[in-house]
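Asker: Take a look at start-v7.cif, mmCIF, C-alpha atoms and all ligand atoms:
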```
data_upload
#
loop_
_atom_site.label_atom_id
_atom_site.label_comp_id
_atom_site.auth_asym_id
_atom_site.auth_seq_id
_atom_site.Cartn_x
_atom_site.Cartn_y
_atom_site.Cartn_z
CA MET E 1 -7.72 -19.48 21.63
CA ARG E 2 -10.50 -16.98 22.45
CA THR E 3 -9.74 -13.32 23.08
CA LEU E 4 -12.06 -10.53 24.21
CA VAL E 5 -11.50 -6.80 23.80
CA LYS E 6 -14.06 -5.07 26.00
CA ASN E 7 -15.26 -1.57 26.89
CA ILE E 8 -14.18 -0.21 23.49
CA LYS E 9 -15.13 3.46 23.39
CA GLU E 10 -15.95 3.09 19.69
CA LEU E 11 -15.44 0.13 17.37
CA VAL E 12 -14.89 1.64 13.95
CA GLN E 13 -15.58 0.42 10.44
CA VAL E 14 -17.75 -2.56 11.23
CA GLU E 15 -19.45 -4.37 8.37
CA TYR E 16 -22.42 -6.71 8.67
CA GLN E 17 -22.44 -7.34 4.94
CA THR E 18 -18.95 -7.36 3.55
CA ARG E 19 -18.01 -5.58 0.35
CA LEU E 20 -14.85 -5.99 -1.68
CA ARG E 21 -14.48 -2.22 -2.18
CA VAL E 22 -16.49 0.96 -1.70
CA CYS E 23 -17.19 3.42 -4.51
CA GLY E 24 -18.35 7.02 -4.90
CA LYS E 25 -20.94 8.17 -2.34
CA GLU E 26 -20.63 4.91 -0.39
CA MET E 27 -17.14 6.00 0.60
CA SER E 28 -18.63 8.60 2.95
CA GLN E 29 -20.36 5.91 4.97
CA MET E 30 -18.67 4.10 7.83
CA GLN E 31 -20.44 2.16 10.55
CA THR E 32 -19.30 2.23 14.15
CA ILE E 33 -20.51 0.86 17.49
CA LYS E 34 -20.08 2.88 20.67
CA GLU E 35 -19.26 1.06 23.96
CA ALA E 36 -18.47 -2.14 22.12
CA TYR E 37 -16.80 -5.54 22.45
CA LEU E 38 -14.84 -7.57 19.93
CA ILE E 39 -14.20 -11.32 20.12
CA VAL E 40 -11.41 -13.15 18.30
CA GLU E 41 -11.27 -16.89 17.86
CA ASP E 42 -8.24 -18.61 16.35
CA GLY E 43 -7.01 -15.48 14.62
CA LYS E 44 -10.35 -14.48 13.14
CA ILE E 45 -13.07 -12.06 14.20
CA SER E 46 -15.91 -14.21 15.52
CA ASP E 47 -18.26 -11.65 17.06
CA PHE E 48 -18.70 -7.98 17.97
CA GLY E 49 -21.47 -5.75 19.26
CA PRO E 50 -22.49 -3.34 22.01
CA MET E 51 -21.26 -4.17 25.55
CA SER E 52 -24.88 -4.39 26.71
CA GLU E 53 -25.26 -7.50 24.52
CA LEU E 54 -22.07 -9.29 25.61
CA LYS E 55 -23.08 -12.71 27.00
CA GLU E 56 -21.42 -14.29 30.02
CA GLN E 57 -18.65 -16.59 28.74
CA THR E 58 -14.99 -17.46 29.32
CA PHE E 59 -11.95 -16.27 27.39
CA ASP E 60 -8.25 -17.18 27.31
CA LYS E 61 -7.31 -13.50 27.20
CA GLU E 62 -9.11 -10.24 27.92
CA TYR E 63 -8.13 -6.66 27.11
CA ASP E 64 -9.87 -3.63 28.55
CA ALA E 65 -10.00 -0.77 26.02
CA THR E 66 -11.73 1.82 28.22
CA GLY E 67 -11.36 5.30 26.65
CA ARG E 68 -9.75 3.79 23.55
CA MET E 69 -11.03 3.06 20.07
CA VAL E 70 -10.51 0.01 17.85
CA PHE E 71 -9.91 0.21 14.09
CA PRO E 72 -9.07 -2.38 11.44
CA THR E 73 -5.38 -2.11 10.56
CA PHE E 74 -4.36 -0.14 7.50
CA CYS E 75 -3.62 -2.01 4.28
CA ASP E 76 -0.69 -0.47 2.44
CA SER E 77 -1.12 -1.59 -1.17
CA HIS E 78 1.92 0.15 -2.69
CA THR E 79 5.44 0.04 -1.22
CA HIS E 80 9.04 -0.43 -2.31
CA LEU E 81 10.10 -1.56 1.14
CA VAL E 82 13.15 -3.62 0.15
CA TYR E 83 16.03 -1.24 -0.58
CA ALA E 84 19.64 -0.87 0.44
CA ASN E 85 20.23 2.86 0.90
CA SER E 86 18.47 6.09 1.78
CA ARG E 87 18.74 8.97 -0.74
CA GLU E 88 18.80 12.16 1.29
CA LEU E 89 21.54 13.75 -0.86
CA GLU E 90 19.14 13.72 -3.83
CA PHE E 91 16.55 15.21 -1.50
CA VAL E 92 18.92 18.14 -1.02
CA ASP E 93 19.53 18.36 -4.81
CA LYS E 94 15.78 18.65 -5.26
CA ILE E 95 15.58 21.44 -2.70
CA ARG E 96 18.30 23.22 -4.68
CA GLY E 97 16.15 23.02 -7.81
CA LEU E 98 16.79 19.76 -9.68
CA SER E 99 13.68 17.85 -10.72
CA TYR E 100 13.07 14.12 -10.13
CA GLU E 101 13.39 13.52 -13.89
CA GLU E 102 16.67 15.47 -14.12
CA ILE E 103 18.16 13.42 -11.30
CA ALA E 104 17.02 10.22 -13.04
CA LYS E 105 18.54 11.34 -16.36
CA ARG E 106 22.00 11.82 -14.85
CA GLY E 107 21.90 8.26 -13.42
CA GLY E 108 20.57 9.02 -9.95
CA GLY E 109 17.18 8.11 -8.58
CA ILE E 110 16.15 4.52 -9.19
CA LEU E 111 19.59 3.74 -10.69
CA ASN E 112 21.25 5.04 -7.52
CA SER E 113 19.16 2.55 -5.52
CA ALA E 114 19.93 -0.21 -8.03
CA LYS E 115 23.68 0.26 -7.56
CA ALA E 116 23.40 -0.06 -3.80
CA THR E 117 21.05 -3.04 -4.12
CA ALA E 118 23.51 -4.88 -6.37
CA ALA E 119 26.23 -4.44 -3.73
CA ALA E 120 24.08 -5.71 -0.84
CA SER E 121 23.65 -9.37 0.03
CA GLU E 122 20.26 -11.04 0.25
CA ASP E 123 20.70 -11.34 4.03
CA GLU E 124 21.55 -7.67 4.42
CA LEU E 125 18.52 -6.63 2.40
CA TYR E 126 16.35 -9.01 4.39
CA ASP E 127 17.51 -7.66 7.76
CA MET E 128 16.83 -4.06 6.72
CA ALA E 129 13.42 -4.90 5.26
CA TRP E 130 12.49 -6.94 8.34
CA GLN E 131 13.15 -3.95 10.60
CA ARG E 132 11.02 -1.75 8.33
CA LEU E 133 8.18 -4.25 8.49
CA GLU E 134 8.38 -4.26 12.28
CA ASP E 135 8.18 -0.48 12.27
CA VAL E 136 5.16 -0.23 9.94
CA MET E 137 3.33 -2.89 11.93
CA HIS E 138 3.65 -0.85 15.11
CA LEU E 139 2.20 2.17 13.29
CA GLY E 140 -0.96 0.20 12.50
CA THR E 141 -0.32 -1.44 9.13
CA GLY E 142 -1.57 -5.04 8.95
CA ALA E 143 -1.13 -5.91 5.27
CA ILE E 144 1.42 -4.67 2.79
CA GLU E 145 2.35 -5.03 -0.86
CA VAL E 146 6.08 -4.98 -1.58
CA LYS E 147 7.68 -4.43 -4.99
CA SER E 148 11.00 -5.37 -6.48
CA GLY E 149 12.38 -2.84 -8.95
CA TYR E 150 15.68 -1.72 -7.44
CA GLY E 151 17.45 -4.64 -9.12
CA LEU E 152 17.15 -4.00 -12.86
CA THR E 153 19.32 -7.05 -13.59
CA THR E 154 18.00 -10.59 -13.54
CA GLU E 155 20.19 -11.50 -10.59
CA SER E 156 19.28 -8.48 -8.47
CA GLU E 157 15.56 -8.61 -9.25
CA LEU E 158 15.49 -12.28 -8.17
CA LYS E 159 17.42 -11.36 -5.03
CA LEU E 160 14.83 -8.72 -4.11
CA LEU E 161 11.91 -11.07 -4.77
CA ARG E 162 13.53 -13.81 -2.67
CA VAL E 163 13.82 -11.31 0.17
CA ILE E 164 10.09 -10.62 -0.18
CA ARG E 165 9.39 -14.36 -0.15
CA ARG E 166 11.31 -14.71 3.14
CA LEU E 167 9.38 -11.77 4.60
CA LYS E 168 6.14 -13.53 3.61
CA GLU E 169 7.27 -16.75 5.26
CA ASN E 170 8.41 -15.19 8.52
CA SER E 171 6.19 -12.16 9.17
CA PRO E 172 2.70 -12.39 10.64
CA LEU E 173 1.62 -9.62 8.26
CA THR E 174 -0.25 -10.38 5.05
CA ILE E 175 2.26 -9.61 2.30
CA LYS E 176 1.86 -9.55 -1.49
CA SER E 177 4.83 -9.39 -3.84
CA ASN E 178 5.05 -7.40 -7.03
CA PHE E 179 7.64 -7.83 -9.79
CA LEU E 180 8.65 -4.37 -11.03
CA GLY E 181 11.60 -5.20 -13.28
CA ALA E 182 10.44 -2.33 -15.54
CA HIS E 183 11.05 0.36 -12.95
CA GLY E 184 13.99 2.19 -14.54
CA ILE E 185 16.05 1.95 -17.69
CA PRO E 186 19.66 0.90 -16.91
CA MET E 187 22.30 3.26 -18.39
CA GLU E 188 23.59 0.64 -20.85
CA TYR E 189 20.10 0.36 -22.40
CA ARG E 190 19.55 4.09 -22.92
CA GLY E 191 18.54 4.74 -26.54
CA HIS E 192 17.47 1.13 -27.10
CA GLN E 193 15.23 0.39 -24.13
CA GLU E 194 13.27 -2.24 -26.13
CA ASP E 195 16.26 -4.50 -25.49
CA TYR E 196 15.79 -4.08 -21.74
CA VAL E 197 12.08 -4.81 -22.19
CA ASP E 198 13.11 -7.99 -24.06
CA LEU E 199 15.29 -8.98 -21.11
CA VAL E 200 12.40 -8.45 -18.69
CA ILE E 201 10.08 -10.53 -20.89
CA ASN E 202 12.36 -13.30 -22.08
CA GLU E 203 14.61 -13.84 -19.08
CA MET E 204 13.26 -12.26 -15.91
CA ILE E 205 9.53 -13.08 -16.09
CA PRO E 206 10.02 -16.83 -16.80
CA LEU E 207 12.48 -17.15 -13.89
CA VAL E 208 10.27 -15.16 -11.52
CA ALA E 209 7.31 -17.34 -12.51
CA ALA E 210 9.27 -20.58 -12.20
CA GLU E 211 10.00 -19.81 -8.55
CA GLY E 212 6.48 -18.44 -7.96
CA LEU E 213 7.98 -15.22 -6.67
CA ALA E 214 5.39 -12.63 -7.72
CA ASP E 215 1.67 -12.10 -7.22
CA PHE E 216 1.66 -8.98 -9.41
CA ILE E 217 3.49 -7.47 -12.38
CA ASP E 218 4.14 -3.74 -12.48
CA VAL E 219 5.56 -1.22 -14.97
CA PHE E 220 6.54 2.43 -14.47
CA CYS E 221 4.58 3.66 -17.50
CA ASP E 222 5.44 7.33 -17.68
CA GLN E 223 7.27 10.07 -19.53
CA GLY E 224 11.01 9.36 -19.47
CA PHE E 225 10.45 5.76 -18.37
CA PHE E 226 8.48 2.97 -20.11
CA THR E 227 6.11 3.58 -23.02
CA VAL E 228 2.59 2.25 -23.47
CA LYS E 229 3.97 -0.20 -26.06
CA ASP E 230 6.66 -1.44 -23.61
CA THR E 231 3.98 -1.74 -20.95
CA GLU E 232 1.63 -3.78 -23.13
CA ARG E 233 4.35 -6.25 -24.00
CA ILE E 234 5.41 -6.69 -20.38
CA LEU E 235 1.86 -7.02 -19.06
CA GLU E 236 1.01 -9.65 -21.67
CA ALA E 237 4.04 -11.70 -20.62
CA GLY E 238 3.26 -11.25 -16.94
CA ILE E 239 -0.38 -12.26 -17.36
CA LYS E 240 0.65 -15.38 -19.31
CA ASN E 241 2.81 -16.27 -16.33
CA GLY E 242 0.03 -15.86 -13.79
CA MET E 243 0.76 -12.33 -12.51
CA ARG E 244 -1.97 -9.69 -12.29
CA PRO E 245 -1.05 -6.16 -13.42
CA LYS E 246 -0.69 -3.15 -11.14
CA ILE E 247 0.65 -0.03 -12.84
CA HIS E 248 2.68 3.08 -11.96
CA ALA E 249 0.82 5.58 -14.13
CA ASN E 250 0.53 9.30 -14.76
CA GLU E 251 3.01 10.59 -12.19
CA MET E 252 5.03 12.79 -14.59
CA ALA E 253 2.57 13.14 -17.47
CA VAL E 254 -0.72 11.92 -18.90
CA SER E 255 1.06 8.80 -20.06
CA GLY E 256 -1.64 6.44 -21.29
CA GLY E 257 -0.82 4.33 -18.23
CA VAL E 258 -4.38 4.43 -16.90
CA GLN E 259 -5.83 3.23 -20.20
CA VAL E 260 -3.29 0.45 -20.63
CA GLY E 261 -3.87 -0.68 -17.04
CA VAL E 262 -7.62 -0.84 -17.54
CA LYS E 263 -7.19 -2.63 -20.88
CA TYR E 264 -5.19 -5.40 -19.20
CA GLY E 265 -7.47 -5.70 -16.15
CA ALA E 266 -5.01 -4.16 -13.69
CA ILE E 267 -6.11 -4.56 -10.08
CA SER E 268 -4.94 -0.98 -9.53
CA VAL E 269 -3.40 1.99 -11.32
CA ASP E 270 -1.27 4.03 -8.96
CA HIS E 271 0.03 7.63 -8.61
CA LEU E 272 -2.45 9.52 -10.89
CA GLU E 273 -1.07 13.00 -10.26
CA GLN E 274 -1.83 13.82 -13.92
CA MET E 275 -5.45 12.94 -14.68
CA GLY E 276 -7.69 14.27 -17.44
CA ASP E 277 -11.41 13.64 -17.85
CA ALA E 278 -10.67 10.79 -20.28
CA GLU E 279 -8.72 8.95 -17.55
CA ILE E 280 -11.56 9.31 -15.05
CA GLU E 281 -14.09 8.20 -17.66
CA CYS E 282 -12.03 5.17 -18.59
CA LEU E 283 -11.91 3.93 -14.98
CA LYS E 284 -15.71 3.85 -14.65
CA ASP E 285 -17.33 0.38 -14.44
CA THR E 286 -13.99 -1.41 -14.33
CA GLU E 287 -12.29 -3.70 -11.82
CA THR E 288 -9.32 -1.32 -11.51
CA MET E 289 -8.78 0.59 -8.27
CA PRO E 290 -7.46 4.14 -8.75
CA THR E 291 -4.78 4.49 -6.09
CA ILE E 292 -3.34 7.82 -5.00
CA LEU E 293 0.04 8.11 -3.27
CA PRO E 294 -0.15 11.29 -1.14
CA GLY E 295 3.35 10.88 0.32
CA CYS E 296 4.97 11.00 -3.13
CA ALA E 297 3.07 14.12 -4.23
CA PHE E 298 3.97 15.77 -0.92
CA PHE E 299 7.66 14.85 -1.06
CA LEU E 300 8.13 15.82 -4.73
CA ASN E 301 5.77 18.80 -4.63
CA LEU E 302 3.69 17.33 -7.44
CA PRO E 303 0.18 18.43 -8.39
CA LEU E 304 -2.49 16.66 -6.37
CA SER E 305 -4.48 13.85 -7.93
CA PRO E 306 -8.14 14.91 -8.30
CA ALA E 307 -9.46 12.56 -5.62
CA ARG E 308 -12.62 14.56 -4.95
CA LYS E 309 -13.50 14.61 -8.65
CA MET E 310 -12.97 10.85 -8.92
CA ILE E 311 -15.17 10.08 -5.91
CA ASP E 312 -17.84 12.49 -7.13
CA ALA E 313 -17.74 10.66 -10.48
CA GLY E 314 -18.66 7.46 -8.61
CA LEU E 315 -15.20 5.88 -8.61
CA PRO E 316 -13.59 4.16 -5.64
CA VAL E 317 -10.32 5.71 -4.45
CA ALA E 318 -7.52 4.04 -2.47
CA MET E 319 -4.56 5.76 -0.82
CA ALA E 320 -1.27 4.02 -0.04
CA SER E 321 2.15 5.10 1.25
CA ASP E 322 4.46 4.38 -1.72
CA TYR E 323 7.09 3.89 1.01
CA ASN E 324 10.44 4.12 -0.86
CA PRO E 325 13.76 5.96 -0.52
CA GLY E 326 13.34 8.23 -3.55
CA THR E 327 9.87 9.71 -3.60
CA SER E 328 8.17 8.86 -0.31
CA PRO E 329 10.46 7.97 2.58
CA SER E 330 7.63 7.69 5.10
CA ASN E 331 6.27 4.38 6.32
CA ASN E 332 3.34 5.91 8.13
CA MET E 333 -0.22 5.20 7.00
CA GLN E 334 -1.57 7.40 9.80
CA LEU E 335 0.06 10.30 7.98
CA ILE E 336 -1.52 9.19 4.68
CA LEU E 337 -4.90 9.21 6.44
CA SER E 338 -4.28 12.82 7.51
CA MET E 339 -3.09 13.88 4.07
CA ALA E 340 -6.21 12.34 2.52
CA CYS E 341 -8.30 14.80 4.53
CA ILE E 342 -6.01 17.83 4.65
CA ARG E 343 -4.66 17.87 1.11
CA TYR E 344 -7.29 15.96 -0.90
CA ARG E 345 -10.41 17.10 1.03
CA LEU E 346 -11.70 13.61 1.76
CA THR E 347 -13.95 13.38 4.79
CA PRO E 348 -12.56 11.22 7.63
CA GLU E 349 -14.99 8.43 6.65
CA GLU E 350 -13.78 8.52 3.04
CA ALA E 351 -10.17 8.60 4.20
CA PHE E 352 -10.61 5.49 6.39
CA ASN E 353 -12.25 3.63 3.50
CA ALA E 354 -9.46 4.77 1.15
CA THR E 355 -6.71 3.40 3.43
CA THR E 356 -8.31 0.13 4.55
CA ILE E 357 -10.96 -1.64 2.48
CA ASN E 358 -10.02 -0.03 -0.84
CA THR E 359 -6.30 -0.59 -0.40
CA ALA E 360 -7.13 -4.17 0.66
CA TYR E 361 -8.92 -4.51 -2.68
CA ALA E 362 -5.93 -3.02 -4.51
CA MET E 363 -3.76 -5.86 -3.19
CA GLY E 364 -6.37 -8.57 -3.58
CA VAL E 365 -7.11 -9.22 0.10
CA SER E 366 -10.36 -7.36 0.80
CA ASP E 367 -12.19 -10.68 1.30
CA ILE E 368 -10.15 -11.24 4.48
CA LEU E 369 -9.01 -7.77 5.58
CA GLY E 370 -9.92 -4.06 5.48
CA SER E 371 -12.84 -3.91 7.92
CA ILE E 372 -14.17 -5.35 11.17
CA ALA E 373 -16.41 -8.19 10.01
CA VAL E 374 -17.16 -11.70 11.27
CA GLY E 375 -14.84 -14.22 9.61
CA LYS E 376 -12.20 -11.68 8.63
CA THR E 377 -8.61 -11.94 9.87
CA ALA E 378 -8.34 -10.25 13.27
CA ASN E 379 -5.91 -7.47 12.34
CA PHE E 380 -6.79 -4.37 14.32
CA TYR E 381 -5.29 -1.71 16.56
CA ILE E 382 -6.31 -0.16 19.85
CA THR E 383 -5.67 3.59 20.03
CA LYS E 384 -4.36 5.67 22.89
CA PRO E 385 -7.23 7.44 24.68
CA ILE E 386 -8.72 9.71 21.95
CA SER E 387 -11.80 11.91 21.78
CA SER E 388 -13.31 10.77 18.47
CA TYR E 389 -12.42 8.92 15.28
CA GLU E 390 -12.04 12.26 13.51
CA TYR E 391 -9.09 12.87 15.85
CA MET E 392 -7.13 10.22 13.91
CA PRO E 393 -6.66 12.26 10.68
CA TYR E 394 -6.83 15.59 12.56
CA ALA E 395 -3.80 15.06 14.82
CA TYR E 396 -1.34 14.60 11.95
CA GLY E 397 2.18 13.48 12.77
CA GLU E 398 1.24 12.05 16.16
CA ASN E 399 1.23 8.29 16.71
CA LYS E 400 -2.24 7.51 18.00
CA VAL E 401 -1.80 3.72 17.97
CA GLU E 402 -1.21 2.09 21.37
CA SER E 403 -1.27 -1.62 20.56
CA VAL E 404 -1.58 -3.70 17.42
CA PHE E 405 -3.14 -7.14 16.99
CA ILE E 406 -2.20 -9.31 14.02
CA LYS E 407 -4.17 -12.53 13.52
CA GLY E 408 -5.63 -11.87 16.94
CA ARG E 409 -2.28 -11.71 18.72
CA ARG E 410 -0.95 -8.59 20.33
CA ILE E 411 2.46 -7.77 18.84
O1 LIG E 501 6.44 4.97 -6.87
N1 LIG E 501 7.53 6.35 -9.58
C1 LIG E 501 8.24 5.36 -9.62
N2 LIG E 501 8.69 4.62 -8.63
C2 LIG E 501 8.71 5.00 -7.27
C3 LIG E 501 9.90 5.81 -6.92
C4 LIG E 501 11.15 5.15 -7.10
C5 LIG E 501 12.37 5.88 -6.64
O2 LIG E 501 12.58 7.07 -6.94
O3 LIG E 501 13.15 5.22 -5.97
C6 LIG E 501 7.42 5.67 -6.88
O4 LIG E 501 7.34 6.87 -6.62
FE FE E 502 5.84 3.33 -6.36
#
```
How does this structure look as structure tokens?

Answerer:
Amino acid sequence: MRTLVKNIKELVQVEYQTRLRVCGKEMSQMQTIKEAYLIVEDGKISDFGPMSELKEQTFDKEYDATGRMVFPTFCDSHTHLVYANSRELEFVDKIRGLSYEEIAKRGGGILNSAKATAAASEDELYDMAWQRLEDVMHLGTGAIEVKSGYGLTTESELKLLRVIRRLKENSPLTIKSNFLGAHGIPMEYRGHQEDYVDLVINEMIPLVAAEGLADFIDVFCDQGFFTVKDTERILEAGIKNGMRPKIHANEMAVSGGVQVGVKYGAISVDHLEQMGDAEIECLKDTETMPTILPGCAFFLNLPLSPARKMIDAGLPVAMASDYNPGTSPSNNMQLILSMACIRYRLTPEEAFNATTINTAYAMGVSDILGSIAVGKTANFYITKPISSYEYMPYAYGENKVESVFIKGRRI
């Protein structure tokens, strides 16, 4: 199957030499080709270049993108997409003055989601998550990481991870699963949370590993949640069982989460609203991708992660949606792209790199996704007619995506 997309006004984020991630100053560079073509063969990008160099040949399908631009799809490396209920009443409580931590303390927040998850069947959770995947795909997301973490019992955590496995089997999207049993502390373990950590380590992790249900292991390492000690124990067990760490760190406080993530070779440390110089220093020359979640900081009115400072220090930065019912109920990576520029002062080029190649790295797929390069999976979108690529972050809140191609097929 050979497909041609021709007369592309601008083909954005092409790479002739692929990189697994882009760091520091490199983030401000992004190559494009004006008046371009793109060829897909059997689901992979096989060629691209200026229209003037397109050779006479036959195709099974042709698309004319006159006036429109082509971008690689977004990679969303941090989501909690499988959940049973929305939480807009807590949203109102927050407007009235309660903090996220206060709501969590009285048994709301993550525990509210856990109660609803326990009551839902695997099929119900699957149907809801499937619809959400369909929606994100049409907004331009082509790869997504999905966490468990609204179970908090062995049975419910396994149920969530089995839903993610079914999504992986049935969706054309590239999906990675993340076991986040240590997301919240169930009421009955308050005051002796080490016993819950024991349950995660001794019962949940072996069962998750036996069914091969998780690519990653995650811990909410933060004030009022899991300690550095808890985190170390859980990561060690996860690593022994073949799961790579990804951490929720430094959302509420400078928690030590960044350091513990780096120590255990985490592929990413995520949130980072509270960052000191020591945290930035500790990320230098490591394999760990600092990942900012602009939707969460926006929704909870949290301080902004110092993205500019991190990039200026030579670090890579990724930005993901954190799509979840409690702290970031938006599925839209186009909005994250806009927030990267508007709120964090990234240039459009940096913002595209932060939401594609660097998020691809943060979920371990940047060898096959995250840019337009020969041999990569043909996940891309064609925009509506737009004036420039800067228009993408500029026109926030508007859907600029007209059609999406996953593995070379228009969906
Ligand atoms: O990434 N911070 C921890 N976990 C999620 C929120 C979970 C929730 O409130 O439902 C997050 O923001
Ligand atoms: Fe999260």

Asker: Report as CSV: every residue of stretch 312-359 of chain E with an atom at most 12 Å from stretch 277-288 of chain E, its closest pair of atoms, and their distance in Å to one decimal, counting only C-alpha atoms, with rows sorted by chain and ascending residue number.

Answerer:
```
residue,atom,partner,partner_atom,distance
E:Asp312,CA,E:Ile280,CA,10.6
E:Ala313,CA,E:Ile280,CA,7.8
E:Gly314,CA,E:Lys284,CA,7.6
E:Leu315,CA,E:Lys284,CA,6.4
E:Pro316,CA,E:Thr288,CA,9.1
E:Val317,CA,E:Thr288,CA,10.0
E:Ala318,CA,E:Thr288,CA,10.7
E:Asn358,CA,E:Thr288,CA,10.8
E:Thr359,CA,E:Thr288,CA,11.5
```

Asker: Restricting the calculation to all atoms listed in the file, which member of E:Asp76, E:Glu90, E:Glu62, E:Glu10 is positioned closest to E:Gly49?

Answerer: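 Closest candidate: E:Glu10.
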
Asker: Got a sec to check which residues lie within 9 Å of ligand FE 502 (chain E), using all atoms listed in the file, and send them as a ChimeraX atom specification?

Answerer: /E:78-80,147,183,220,247-248,270-271,293,296,321-324,327-328

Asker: Closest to E:Thr32 among E:Lys61, E:Arg19, E:Lys9, E:Lys105, using only C-alpha atoms?

Answerer: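 That would be E:Lys9, the residue with the smallest distance to E:Thr32.
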
Asker: What is the distance between atom CA of E:Thr355 and atom CA of E:Met333, in Å to one decimal?

Answerer: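 Going from atom CA of E:Thr355 over to atom CA of E:Met333, I get 7.6 Å.
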
Asker: Within 8 Å of stretch 121-125 of chain E, counting all atoms listed in the file, which residues show up once you throw out same-chain ones fewer than 3 positions away? Write them as number ranges by chain, please.

Answerer: E: 82-84, 117-118, 128-129, 159-160, 162-163

Asker: Taking all atoms of stretch 28-37 of chain E that the file lists and extending 4 Å past them on each side, where is the centre of the axis-aligned box and how long are its edges? Answer in Å to one decimal, as JSON.

Answerer:
```
{"center_x": -18.7, "center_y": 1.5, "center_z": 13.5, "size_x": 11.7, "size_y": 22.1, "size_z": 29.0}
```

Asker: Residues within 12 Å of stretch 231-241 of chain E, please, as JSON, numbers by chain. Count only C-alpha atoms; anything in the same chain fewer than 3 positions from it doesn't count.

Answerer: {"E": [178, 179, 180, 181, 182, 183, 193, 194, 196, 197, 198, 199, 200, 201, 202, 203, 204, 205, 206, 207, 208, 209, 210, 211, 212, 213, 214, 215, 216, 217, 218, 219, 220, 221, 222, 225, 226, 227, 228, 244, 245, 246, 247, 248, 249, 255, 256, 257, 258, 259, 260, 261, 262, 263, 264, 265, 266]}

Asker: Might you pull out every residue within 8 Å of stretch 386-399 of chain E, with only C-alpha atoms counted and same-chain residues fewer than 5 positions away left off, and present them as a JSON list (two decimals) with C-alpha atoms, keeping the file's coordinate frame?

Answerer:
```
[["chain", "number", "residue", "atom", "x", "y", "z"],
["E", 12, "VAL", "CA", -14.89, 1.64, 13.95],
["E", 67, "GLY", "CA", -11.36, 5.30, 26.65],
["E", 68, "ARG", "CA", -9.75, 3.79, 23.55],
["E", 69, "MET", "CA", -11.03, 3.06, 20.07],
["E", 139, "LEU", "CA", 2.20, 2.17, 13.29],
["E", 334, "GLN", "CA", -1.57, 7.40, 9.80],
["E", 335, "LEU", "CA", 0.06, 10.30, 7.98],
["E", 337, "LEU", "CA", -4.90, 9.21, 6.44],
["E", 338, "SER", "CA", -4.28, 12.82, 7.51],
["E", 339, "MET", "CA", -3.09, 13.88, 4.07],
["E", 341, "CYS", "CA", -8.30, 14.80, 4.53],
["E", 348, "PRO", "CA", -12.56, 11.22, 7.63]]
```

Asker: Of the candidates E:Leu161, E:Ile110, E:Cys23, E:Ile311, which shows the shortest atom-to-atom distance to ligand LIG 501 (chain E), using only C-alpha atoms and all ligand atoms?

Answerer: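 Ranking E:Leu161, E:Ile110, E:Cys23, E:Ile311 by distance to ligand LIG 501 (chain E), first place goes to E:Ile110.
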
Asker: Mind checking which residues fall within 12 Å of stretch 406-410 of chain E, counting all atoms listed in the file, ignoring those fewer than 2 positions away in the same chain, and posting them as a VMD selection string?

Answerer: chain E and resid 1 to 5 38 to 46 60 to 63 72 to 74 134 137 to 138 140 to 143 171 to 174 368 to 369 375 to 382 402 to 404

Asker: So what do you get for atom CA of E:Ser305 versus atom CA of E:Thr356, distance-wise?

Answerer: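 A separation of 18.9 Å between them.
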
Asker: Pick from E:Ile33, E:Val269, E:Met289, E:Ala351: nearest to ligand LIG 501 (chain E), with only C-alpha atoms and all ligand atoms counted?

Answerer: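 Ranking E:Ile33, E:Val269, E:Met289, E:Ala351 by distance to ligand LIG 501 (chain E), first place goes to E:Val269.
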
Asker: One decimal, Å: what's the distance from atom CA of E:Thr58 over to atom CA of E:Asp367, could you say?

Answerer: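 Distance reported for this atom pair: 29.0 Å.
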
Asker: Which residue, E:Phe352, E:Tyr361, E:Tyr126, E:Phe91, has the smallest gap to ligand LIG 501 (chain E) when you use all atoms listed in the file?

Answerer: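 Of E:Phe352, E:Tyr361, E:Tyr126, E:Phe91, the one nearest ligand LIG 501 (chain E) is E:Phe91, counting all atoms listed in the file.
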
Asker: My list of candidates is E:Leu167, E:Ile103, E:Ala36, E:Val92. Which is closest to ligand LIG 501 (chain E) when distances are computed with all atoms listed in the file?

Answerer: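 Of E:Leu167, E:Ile103, E:Ala36, E:Val92, the one nearest ligand LIG 501 (chain E) is E:Ile103, counting all atoms listed in the file.
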